[in-house]
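Data block for structure.tsv (TSV, C-alpha atoms and all ligand atoms):
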```tsv
chain	number	residue	atom	x	y	z
A	1	MET	CA	-9.07	-6.19	27.43
A	2	ARG	CA	-9.33	-6.84	31.16
A	3	LEU	CA	-10.49	-3.96	33.31
A	4	VAL	CA	-11.64	-3.08	36.80
A	5	ILE	CA	-13.70	0.03	37.49
A	6	PHE	CA	-13.98	1.34	41.04
A	7	GLY	CA	-14.84	4.50	42.94
A	8	PRO	CA	-17.41	5.86	45.40
A	9	PRO	CA	-21.07	4.79	45.23
A	10	GLY	CA	-23.12	6.68	42.65
A	11	VAL	CA	-20.11	7.98	40.73
A	12	GLY	CA	-21.27	6.39	37.46
A	13	LYS	CA	-19.30	3.13	37.40
A	14	GLY	CA	-22.26	1.17	36.05
A	15	THR	CA	-22.96	3.65	33.25
A	16	GLN	CA	-19.34	3.69	32.11
A	17	ALA	CA	-18.86	-0.06	32.51
A	18	LYS	CA	-21.84	-0.76	30.23
A	19	ARG	CA	-20.51	1.64	27.58
A	20	LEU	CA	-17.00	0.18	27.70
A	21	ALA	CA	-18.27	-3.38	27.54
A	22	GLN	CA	-20.18	-2.53	24.39
A	23	ARG	CA	-17.33	-0.56	22.82
A	24	TYR	CA	-14.72	-3.28	23.36
A	25	GLY	CA	-16.96	-6.35	23.04
A	26	ILE	CA	-16.11	-7.54	26.53
A	27	CYS	CA	-18.43	-8.74	29.29
A	28	HIS	CA	-19.73	-6.46	32.02
A	29	ILE	CA	-19.63	-8.12	35.42
A	30	SER	CA	-21.47	-6.05	38.02
A	31	THR	CA	-21.57	-7.67	41.44
A	32	GLY	CA	-24.21	-5.12	42.56
A	33	ASP	CA	-26.52	-5.90	39.59
A	34	THR	CA	-26.07	-9.63	40.09
A	35	LEU	CA	-26.84	-9.36	43.82
A	36	ARG	CA	-29.98	-7.31	43.04
A	37	GLU	CA	-31.04	-9.97	40.49
A	38	VAL	CA	-30.66	-12.66	43.14
A	39	MET	CA	-32.74	-10.55	45.55
A	40	ARG	CA	-35.50	-10.13	42.95
A	41	SER	CA	-35.51	-13.89	42.27
A	42	GLY	CA	-36.52	-14.60	45.87
A	43	SER	CA	-34.13	-17.59	46.03
A	44	PRO	CA	-33.06	-18.91	49.46
A	45	LEU	CA	-29.93	-16.77	49.25
A	46	ALA	CA	-31.99	-13.58	48.64
A	47	ALA	CA	-32.98	-12.83	52.24
A	48	LYS	CA	-29.44	-13.38	53.47
A	49	ILE	CA	-28.02	-10.98	50.89
A	50	ARG	CA	-30.73	-8.37	51.40
A	51	GLN	CA	-29.84	-7.74	55.01
A	52	PHE	CA	-26.38	-6.56	53.91
A	53	VAL	CA	-27.21	-4.74	50.66
A	54	ASP	CA	-30.21	-2.75	51.90
A	55	ASN	CA	-28.19	-1.46	54.84
A	56	GLY	CA	-25.23	-0.39	52.74
A	57	GLN	CA	-22.92	-3.10	54.07
A	58	LEU	CA	-20.72	-5.42	52.07
A	59	VAL	CA	-21.95	-8.96	51.50
A	60	PRO	CA	-19.57	-11.75	52.56
A	61	ASP	CA	-16.57	-12.32	50.29
A	62	GLU	CA	-17.53	-15.90	49.43
A	63	VAL	CA	-20.84	-14.73	47.89
A	64	VAL	CA	-19.20	-12.23	45.52
A	65	ALA	CA	-16.30	-14.59	44.81
A	66	GLU	CA	-18.77	-17.16	43.52
A	67	ILE	CA	-20.45	-14.57	41.30
A	68	ILE	CA	-17.10	-13.63	39.75
A	69	GLU	CA	-15.91	-17.20	39.22
A	70	ARG	CA	-19.16	-18.30	37.59
A	71	ARG	CA	-19.34	-15.28	35.32
A	72	LEU	CA	-15.73	-15.26	34.13
A	73	ILE	CA	-16.10	-18.63	32.44
A	74	GLN	CA	-19.13	-17.57	30.34
A	75	PRO	CA	-18.53	-17.32	26.57
A	76	ASP	CA	-19.16	-13.55	26.44
A	77	CYS	CA	-16.07	-13.03	28.62
A	78	ARG	CA	-13.73	-14.63	26.05
A	79	LYS	CA	-12.47	-11.28	24.74
A	80	GLY	CA	-12.11	-9.79	28.21
A	81	PHE	CA	-14.17	-8.26	30.98
A	82	ILE	CA	-14.88	-5.18	32.99
A	83	LEU	CA	-15.41	-5.79	36.69
A	84	ASP	CA	-17.80	-3.21	38.11
A	85	GLY	CA	-18.01	-3.11	41.90
A	86	PHE	CA	-15.41	-5.82	42.41
A	87	PRO	CA	-12.93	-5.85	44.08
A	88	ARG	CA	-14.17	-3.61	46.88
A	89	THR	CA	-11.70	-4.59	49.59
A	90	LEU	CA	-8.02	-5.44	49.72
A	91	SER	CA	-8.81	-9.07	50.45
A	92	GLN	CA	-11.03	-9.21	47.34
A	93	ALA	CA	-8.19	-7.62	45.34
A	94	HIS	CA	-5.80	-10.35	46.51
A	95	TYR	CA	-8.37	-12.97	45.60
A	96	LEU	CA	-8.74	-11.49	42.09
A	97	ASP	CA	-4.99	-11.47	41.74
A	98	SER	CA	-4.76	-15.18	42.50
A	99	LEU	CA	-7.69	-15.96	40.22
A	100	LEU	CA	-6.03	-14.17	37.29
A	101	LYS	CA	-2.63	-15.72	38.03
A	102	LYS	CA	-4.18	-19.18	37.96
A	103	ARG	CA	-5.49	-18.41	34.48
A	104	ARG	CA	-2.25	-16.65	33.43
A	105	LEU	CA	-4.09	-13.42	32.79
A	106	LEU	CA	-3.09	-9.83	33.52
A	107	LEU	CA	-5.24	-6.83	34.33
A	108	ASP	CA	-4.81	-4.04	31.77
A	109	ALA	CA	-6.12	-1.19	33.90
A	110	ALA	CA	-7.97	-0.37	37.10
A	111	LEU	CA	-10.10	2.70	36.33
A	112	PHE	CA	-10.59	4.88	39.39
A	113	LEU	CA	-13.60	7.15	38.91
A	114	ASP	CA	-13.95	9.96	41.43
A	115	ALA	CA	-16.27	12.91	42.13
A	116	SER	CA	-17.06	15.27	45.00
A	117	ASP	CA	-19.47	14.21	47.78
A	118	GLU	CA	-21.91	16.84	46.54
A	119	THR	CA	-22.03	15.32	43.04
A	120	ILE	CA	-22.38	11.83	44.46
A	121	VAL	CA	-25.28	12.73	46.73
A	122	ARG	CA	-27.07	14.50	43.85
A	123	ARG	CA	-26.66	11.49	41.59
A	124	ILE	CA	-27.75	8.97	44.20
A	125	SER	CA	-30.78	10.90	45.44
A	126	GLY	CA	-32.17	11.18	41.89
A	127	ARG	CA	-31.63	7.54	40.98
A	128	ARG	CA	-34.77	5.43	40.44
A	129	VAL	CA	-34.97	1.76	39.48
A	130	CYS	CA	-37.54	-0.61	38.10
A	131	PRO	CA	-38.29	-3.25	40.76
A	132	LEU	CA	-39.28	-5.71	38.03
A	133	CYS	CA	-36.38	-5.60	35.54
A	134	GLY	CA	-33.74	-3.64	37.46
A	135	ARG	CA	-33.31	-0.90	34.83
A	136	SER	CA	-31.92	2.28	36.32
A	137	TYR	CA	-32.96	5.90	35.66
A	138	HIS	CA	-32.20	9.36	37.02
A	139	VAL	CA	-34.99	11.91	37.49
A	140	GLU	CA	-32.79	14.70	36.15
A	141	PHE	CA	-30.08	13.13	33.95
A	142	ALA	CA	-31.74	10.01	32.51
A	143	PRO	CA	-35.52	10.29	33.02
A	144	PRO	CA	-37.98	7.66	31.77
A	145	ARG	CA	-40.33	8.63	28.89
A	146	VAL	CA	-43.33	8.65	31.24
A	147	PRO	CA	-42.40	10.12	34.63
A	148	GLY	CA	-42.16	7.47	37.35
A	149	ARG	CA	-42.67	4.50	34.98
A	150	CYS	CA	-40.20	2.03	33.48
A	151	ASP	CA	-39.79	2.46	29.68
A	152	ASP	CA	-39.54	-1.32	29.22
A	153	ASP	CA	-42.45	-2.67	31.29
A	154	GLY	CA	-44.41	0.32	32.66
A	155	GLU	CA	-43.75	-0.70	36.26
A	156	PRO	CA	-43.73	2.19	38.81
A	157	LEU	CA	-40.12	3.14	39.57
A	158	VAL	CA	-38.78	3.05	43.13
A	159	GLN	CA	-35.73	4.25	45.00
A	160	ARG	CA	-33.19	1.55	45.85
A	161	PRO	CA	-33.39	0.92	49.62
A	162	ASP	CA	-29.62	1.41	49.79
A	163	ASP	CA	-30.03	4.82	48.09
A	164	GLU	CA	-31.95	6.13	51.15
A	165	PRO	CA	-29.89	8.68	53.12
A	166	GLU	CA	-28.97	6.40	56.07
A	167	ALA	CA	-27.74	3.60	53.83
A	168	VAL	CA	-25.84	6.06	51.62
A	169	LYS	CA	-24.01	7.35	54.70
A	170	LYS	CA	-23.02	3.78	55.53
A	171	ARG	CA	-21.93	3.05	51.94
A	172	LEU	CA	-19.71	6.13	51.87
A	173	GLU	CA	-18.14	5.06	55.17
A	174	VAL	CA	-17.53	1.55	53.86
A	175	TYR	CA	-16.12	3.02	50.67
A	176	ARG	CA	-13.63	5.22	52.52
A	177	GLU	CA	-12.51	2.47	54.87
A	178	GLU	CA	-12.52	-0.57	52.62
A	179	THR	CA	-12.44	0.46	48.97
A	180	ALA	CA	-10.42	3.67	48.83
A	181	PRO	CA	-7.19	1.80	49.81
A	182	LEU	CA	-7.45	-0.01	46.47
A	183	ARG	CA	-6.05	3.12	44.82
A	184	GLU	CA	-2.68	2.50	46.38
A	185	TYR	CA	-2.93	-1.21	45.72
A	186	PHE	CA	-3.53	-0.72	41.99
A	187	GLU	CA	-0.99	2.07	41.78
A	188	ASN	CA	1.65	-0.26	43.17
A	189	ALA	CA	0.57	-2.85	40.63
A	190	GLY	CA	1.17	-0.25	37.89
A	191	VAL	CA	-2.39	-0.37	36.50
A	192	LEU	CA	-4.13	2.60	38.12
A	193	VAL	CA	-5.87	5.04	35.75
A	194	SER	CA	-7.57	7.98	37.51
A	195	ILE	CA	-10.57	9.64	35.87
A	196	ASP	CA	-12.61	12.70	36.80
A	197	GLY	CA	-16.13	11.28	37.11
A	198	SER	CA	-17.86	14.58	37.82
A	199	ARG	CA	-18.51	15.47	34.17
A	200	GLU	CA	-21.16	14.34	31.69
A	201	PRO	CA	-21.13	10.60	30.85
A	202	ASP	CA	-19.96	11.24	27.25
A	203	GLN	CA	-16.99	13.28	28.46
A	204	VAL	CA	-16.07	10.73	31.11
A	205	GLU	CA	-16.21	7.96	28.52
A	206	ALA	CA	-14.04	9.96	26.10
A	207	GLU	CA	-11.39	10.46	28.78
A	208	ILE	CA	-11.36	6.78	29.70
A	209	VAL	CA	-10.99	5.76	26.06
A	210	GLU	CA	-8.21	8.29	25.51
A	211	GLN	CA	-6.31	7.04	28.55
A	212	LEU	CA	-6.77	3.40	27.59
A	213	GLU	CA	-5.59	4.08	24.05
A	214	ALA	CA	-2.52	5.89	25.40
A	215	LEU	CA	-1.65	2.71	27.33
A	216	TYR	CA	-1.66	0.68	24.14
A	217	SER	CA	-0.07	3.10	21.70
A	218	PRO	CA	3.68	2.68	21.02
A	219	MET	CA	5.91	5.31	22.70
B	301	LIG	P1	-23.33	-1.33	43.69
B	301	LIG	O1	-24.47	-1.60	42.78
B	301	LIG	O2	-21.99	-1.64	43.08
B	301	LIG	O3	-23.39	0.03	44.32
B	301	LIG	O4	-23.46	-2.38	44.90
B	301	LIG	C1	-24.60	-2.38	45.74
B	301	LIG	C2	-24.35	-3.20	46.98
B	301	LIG	O5	-24.07	-4.56	46.64
B	301	LIG	C3	-23.17	-2.77	47.84
B	301	LIG	O6	-23.49	-1.67	48.69
B	301	LIG	C4	-22.92	-4.06	48.63
B	301	LIG	O7	-23.90	-4.26	49.62
B	301	LIG	C5	-23.12	-5.12	47.55
B	301	LIG	N1	-21.86	-5.40	46.83
B	301	LIG	C6	-21.60	-5.12	45.53
B	301	LIG	N2	-20.36	-5.50	45.20
B	301	LIG	C7	-19.81	-6.04	46.32
B	301	LIG	C8	-18.55	-6.59	46.63
B	301	LIG	N3	-17.57	-6.67	45.72
B	301	LIG	N4	-18.34	-7.05	47.90
B	301	LIG	C9	-19.30	-7.00	48.81
B	301	LIG	N5	-20.53	-6.46	48.60
B	301	LIG	C10	-20.79	-5.99	47.36
```

Have the structure of the file written as structure tokens, please.
Amino acid sequence: MRLVIFGPPGVGKGTQAKRLAQRYGICHISTGDTLREVMRSGSPLAAKIRQFVDNGQLVPDEVVAEIIERRLIQPDCRKGFILDGFPRTLSQAHYLDSLLKKRRLLLDAALFLDASDETIVRRISGRRVCPLCGRSYHVEFAPPRVPGRCDDDGEPLVQRPDDEPEAVKKRLEVYREETAPLREYFENAGVLVSIDGSREPDQVEAEIVEQLEALYSPM
């Protein structure tokens, strides 16, 4: 199974991508998570990336392209993959297309998860992350066992710099200008699956699974 999941920031792509990866035994490739890992590692690339990510801007295409290419050849991607946060622009979508063509692979579905601005802002403003391991929580919907502390390592949780109001405004702008046009792109490619992302994670997952199964079931 080869999937893409896209939609506005904070809509729950990461949550659903992790669930689907586990359900179908495919690898979860999150460009955002990978970029945050690089930033935590303090490697020479970290400072360069940080200036884009923390301000809600897109990092250069060649950086994310390298992440995708390296990850796709790992053994856990043998049965398929779910790309979370990639592609985010039309040029990245064209790049993915050529990458898959080269490997004679087809995309099964591009899951478009959507929700109202109000829902998105509520989800983003409550999100907290562990600066040490990157695990993500939500003060209301997925709180840690001890308030403000990571369940795994006890580290005090923080807000992602790009979850601060100014950066969120920028991310929404970038989303509308650069990422939203992917709907039409994937629709034309015949792989678009639209999902209402405003409901509880279990309900969203059930709808995705139902729609994916409908794609595979004989008429
Ligand atoms: P996410 O965790 O998917 O919300 O991504 C967080 C940030 O990482 C984005 O706001 C961008 O700065 C960067 N990023 C993630 N994926 C991409 C991508 N495909 N192209 C460019 N920048 C990306």

- Item | Close residues, Glu66 in chain A itself excluded, 12 Å, all atoms listed in the file, min 6 positions apart in chain, as a ChimeraX atom specification | /A:31,34-35,59-60,72-73,86,92,95-96,99

Selection near Val204 in chain A, 12 Å with all atoms listed in the file, sequence-local residues under 3 positions removed, as a JSON list (two decimals) with C-alpha atoms, keeping the file's coordinate frame:
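Writing the result to selection22.json gives the following:
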```
[["chain", "number", "residue", "atom", "x", "y", "z"],
["A", 11, "VAL", "CA", -20.11, 7.98, 40.73],
["A", 12, "GLY", "CA", -21.27, 6.39, 37.46],
["A", 13, "LYS", "CA", -19.30, 3.13, 37.40],
["A", 15, "THR", "CA", -22.96, 3.65, 33.25],
["A", 16, "GLN", "CA", -19.34, 3.69, 32.11],
["A", 17, "ALA", "CA", -18.86, -0.06, 32.51],
["A", 19, "ARG", "CA", -20.51, 1.64, 27.58],
["A", 20, "LEU", "CA", -17.00, 0.18, 27.70],
["A", 111, "LEU", "CA", -10.10, 2.70, 36.33],
["A", 112, "PHE", "CA", -10.59, 4.88, 39.39],
["A", 113, "LEU", "CA", -13.60, 7.15, 38.91],
["A", 114, "ASP", "CA", -13.95, 9.96, 41.43],
["A", 115, "ALA", "CA", -16.27, 12.91, 42.13],
["A", 194, "SER", "CA", -7.57, 7.98, 37.51],
["A", 195, "ILE", "CA", -10.57, 9.64, 35.87],
["A", 196, "ASP", "CA", -12.61, 12.70, 36.80],
["A", 197, "GLY", "CA", -16.13, 11.28, 37.11],
["A", 198, "SER", "CA", -17.86, 14.58, 37.82],
["A", 199, "ARG", "CA", -18.51, 15.47, 34.17],
["A", 200, "GLU", "CA", -21.16, 14.34, 31.69],
["A", 201, "PRO", "CA", -21.13, 10.60, 30.85],
["A", 207, "GLU", "CA", -11.39, 10.46, 28.78],
["A", 208, "ILE", "CA", -11.36, 6.78, 29.70],
["A", 209, "VAL", "CA", -10.99, 5.76, 26.06],
["A", 210, "GLU", "CA", -8.21, 8.29, 25.51],
["A", 211, "GLN", "CA", -6.31, 7.04, 28.55]]
```

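Within 12 Å of the point (-24.6, 18.1, 40.7), counting all atoms listed in the file, the protein and nucleic acid residues come to A:Gly10, A:Val11, A:Ala115, A:Ser116, A:Asp117, A:Glu118, A:Thr119, A:Ile120, A:Val121, A:Arg122, A:Arg123, A:Ile124, A:Ser125, A:Gly126, A:Glu140, A:Phe141, A:Gly197, A:Ser198, A:Arg199, A:Glu200.
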
Same residues, C-alpha atoms, saved as a short mmCIF file (atom, residue, chain, number, x, y, z; two decimals), in the frame of the given file:
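In the end it all went to selection29.cif:
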```cif
data_model
loop_
_atom_site.label_atom_id
_atom_site.label_comp_id
_atom_site.auth_asym_id
_atom_site.auth_seq_id
_atom_site.Cartn_x
_atom_site.Cartn_y
_atom_site.Cartn_z
CA GLY A 10 -23.12 6.68 42.65
CA VAL A 11 -20.11 7.98 40.73
CA ALA A 115 -16.27 12.91 42.13
CA SER A 116 -17.06 15.27 45.00
CA ASP A 117 -19.47 14.21 47.78
CA GLU A 118 -21.91 16.84 46.54
CA THR A 119 -22.03 15.32 43.04
CA ILE A 120 -22.38 11.83 44.46
CA VAL A 121 -25.28 12.73 46.73
CA ARG A 122 -27.07 14.50 43.85
CA ARG A 123 -26.66 11.49 41.59
CA ILE A 124 -27.75 8.97 44.20
CA SER A 125 -30.78 10.90 45.44
CA GLY A 126 -32.17 11.18 41.89
CA GLU A 140 -32.79 14.70 36.15
CA PHE A 141 -30.08 13.13 33.95
CA GLY A 197 -16.13 11.28 37.11
CA SER A 198 -17.86 14.58 37.82
CA ARG A 199 -18.51 15.47 34.17
CA GLU A 200 -21.16 14.34 31.69
#
```

- Query: Hey, which residues come within 10 Å of ligand LIG 301 (chain B) if we count only C-alpha atoms and all ligand atoms? Could you give them as a PyMOL selection string?
  - Reply: chain A and resi 6-14+30-36+49-65+67-68+83-89+92-93+124+160+162-163+167-168+170-172+174-175+178-179

- Message: Taking 4 positions as the minimum chain separation for residues in the same chain, which residues sit within 12 Å of Glu213 in chain A when counting only C-alpha atoms? Answer as a ChimeraX atom specification.
- Response: /A:1,24,108-109,193,206-209,217-219

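You will find CA of Pro165 in chain A at 16.1 Å from CA of Val129 in chain A.
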
- Gap from CA of Leu107 in chain A to CA of Ala180 in chain A - Å, one decimal: 18.6 Å

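For the residues A:Lys48, A:Arg135, A:Arg103, A:Arg70, ranking by smallest atom-to-atom distance to Gln159 in chain A using only C-alpha atoms places A:Arg135 first.
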
Enumerate, as a tab-separated table (two decimals) with C-alpha atoms, in the coordinates of the input, the protein, DNA and RNA residues whose atoms approach (-39.4, 3.9, 32.4) to within 12 Å, taking into account all atoms listed in the file and the coordinate frame of the file.
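The resulting file, part-v7.tsv, is shown below:
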```tsv
chain	number	residue	atom	x	y	z
A	128	ARG	CA	-34.77	5.43	40.44
A	129	VAL	CA	-34.97	1.76	39.48
A	130	CYS	CA	-37.54	-0.61	38.10
A	131	PRO	CA	-38.29	-3.25	40.76
A	132	LEU	CA	-39.28	-5.71	38.03
A	133	CYS	CA	-36.38	-5.60	35.54
A	134	GLY	CA	-33.74	-3.64	37.46
A	135	ARG	CA	-33.31	-0.90	34.83
A	136	SER	CA	-31.92	2.28	36.32
A	137	TYR	CA	-32.96	5.90	35.66
A	138	HIS	CA	-32.20	9.36	37.02
A	139	VAL	CA	-34.99	11.91	37.49
A	142	ALA	CA	-31.74	10.01	32.51
A	143	PRO	CA	-35.52	10.29	33.02
A	144	PRO	CA	-37.98	7.66	31.77
A	145	ARG	CA	-40.33	8.63	28.89
A	146	VAL	CA	-43.33	8.65	31.24
A	147	PRO	CA	-42.40	10.12	34.63
A	148	GLY	CA	-42.16	7.47	37.35
A	149	ARG	CA	-42.67	4.50	34.98
A	150	CYS	CA	-40.20	2.03	33.48
A	151	ASP	CA	-39.79	2.46	29.68
A	152	ASP	CA	-39.54	-1.32	29.22
A	153	ASP	CA	-42.45	-2.67	31.29
A	154	GLY	CA	-44.41	0.32	32.66
A	155	GLU	CA	-43.75	-0.70	36.26
A	156	PRO	CA	-43.73	2.19	38.81
A	157	LEU	CA	-40.12	3.14	39.57
A	158	VAL	CA	-38.78	3.05	43.13
```

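Here CA of Phe186 in chain A stands at a distance of 17.1 Å from CA of Phe81 in chain A.
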
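Proximity of A:Leu192, A:Tyr216, A:Ile5, A:Ala21 to Gly80 in chain A, computed with all atoms listed in the file, is greatest for A:Ala21.
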
Go ahead and fit an axis-aligned box to every listed atom of range 54-68 of chain A plus 8 Å each side, and pass me the centre and edge lengths in Å, one decimal, as lines of an AutoDock Vina configuration file.
```
center_x = -23.3
center_y = -8.8
center_z = 47.3
size_x = 29.9
size_y = 32.8
size_z = 31.1
```

Taking the partial coordinates given, rebuild range 101-121 of chain A to contain N, CA, C and O atoms; return it as a CSV table (one decimal), keeping the file's coordinate frame.
```
chain,number,residue,atom,x,y,z
A,101,LYS,N,-3.9,-15.0,38.1
A,101,LYS,CA,-2.6,-15.7,38.0
A,101,LYS,C,-2.9,-17.2,37.6
A,101,LYS,O,-2.2,-17.7,36.8
A,102,LYS,N,-3.9,-17.8,38.3
A,102,LYS,CA,-4.2,-19.2,38.0
A,102,LYS,C,-4.5,-19.4,36.5
A,102,LYS,O,-4.2,-20.4,35.9
A,103,ARG,N,-5.1,-18.3,35.9
A,103,ARG,CA,-5.5,-18.4,34.5
A,103,ARG,C,-4.4,-17.8,33.6
A,103,ARG,O,-4.7,-17.6,32.4
A,104,ARG,N,-3.3,-17.4,34.2
A,104,ARG,CA,-2.2,-16.6,33.4
A,104,ARG,C,-2.8,-15.4,32.7
A,104,ARG,O,-2.5,-15.2,31.5
A,105,LEU,N,-3.6,-14.6,33.4
A,105,LEU,CA,-4.1,-13.4,32.8
A,105,LEU,C,-3.6,-12.2,33.5
A,105,LEU,O,-3.3,-12.3,34.7
A,106,LEU,N,-3.5,-11.1,32.9
A,106,LEU,CA,-3.1,-9.8,33.5
A,106,LEU,C,-4.2,-8.8,33.4
A,106,LEU,O,-5.0,-8.8,32.4
A,107,LEU,N,-4.3,-7.9,34.4
A,107,LEU,CA,-5.2,-6.8,34.3
A,107,LEU,C,-4.6,-5.7,33.5
A,107,LEU,O,-3.4,-5.4,33.7
A,108,ASP,N,-5.4,-5.1,32.6
A,108,ASP,CA,-4.8,-4.0,31.8
A,108,ASP,C,-4.9,-2.7,32.5
A,108,ASP,O,-4.0,-1.9,32.4
A,109,ALA,N,-6.0,-2.5,33.2
A,109,ALA,CA,-6.1,-1.2,33.9
A,109,ALA,C,-7.2,-1.3,35.0
A,109,ALA,O,-8.2,-2.1,34.9
A,110,ALA,N,-7.0,-0.5,36.0
A,110,ALA,CA,-8.0,-0.4,37.1
A,110,ALA,C,-8.4,1.1,37.0
A,110,ALA,O,-7.6,2.0,37.4
A,111,LEU,N,-9.6,1.3,36.5
A,111,LEU,CA,-10.1,2.7,36.3
A,111,LEU,C,-10.7,3.2,37.6
A,111,LEU,O,-11.6,2.6,38.2
A,112,PHE,N,-10.1,4.3,38.1
A,112,PHE,CA,-10.6,4.9,39.4
A,112,PHE,C,-11.4,6.1,39.0
A,112,PHE,O,-10.8,7.1,38.5
A,113,LEU,N,-12.7,6.1,39.2
A,113,LEU,CA,-13.6,7.2,38.9
A,113,LEU,C,-13.9,7.9,40.2
A,113,LEU,O,-14.4,7.3,41.2
A,114,ASP,N,-13.7,9.2,40.2
A,114,ASP,CA,-14.0,10.0,41.4
A,114,ASP,C,-14.8,11.2,41.2
A,114,ASP,O,-14.8,11.7,40.1
A,115,ALA,N,-15.5,11.7,42.2
A,115,ALA,CA,-16.3,12.9,42.1
A,115,ALA,C,-16.5,13.4,43.5
A,115,ALA,O,-16.3,12.7,44.5
A,116,SER,N,-16.9,14.7,43.7
A,116,SER,CA,-17.1,15.3,45.0
A,116,SER,C,-18.3,14.6,45.7
A,116,SER,O,-19.2,14.1,45.0
A,117,ASP,N,-18.3,14.7,47.0
A,117,ASP,CA,-19.5,14.2,47.8
A,117,ASP,C,-20.8,14.8,47.3
A,117,ASP,O,-21.8,14.2,47.2
A,118,GLU,N,-20.7,16.1,47.0
A,118,GLU,CA,-21.9,16.8,46.5
A,118,GLU,C,-22.5,16.2,45.3
A,118,GLU,O,-23.7,16.0,45.2
A,119,THR,N,-21.6,15.9,44.3
A,119,THR,CA,-22.0,15.3,43.0
A,119,THR,C,-22.6,13.9,43.3
A,119,THR,O,-23.7,13.6,42.8
A,120,ILE,N,-21.9,13.2,44.2
A,120,ILE,CA,-22.4,11.8,44.5
A,120,ILE,C,-23.8,11.8,45.1
A,120,ILE,O,-24.6,11.1,44.7
A,121,VAL,N,-24.0,12.7,46.0
A,121,VAL,CA,-25.3,12.7,46.7
A,121,VAL,C,-26.4,13.1,45.7
A,121,VAL,O,-27.5,12.6,45.7
```
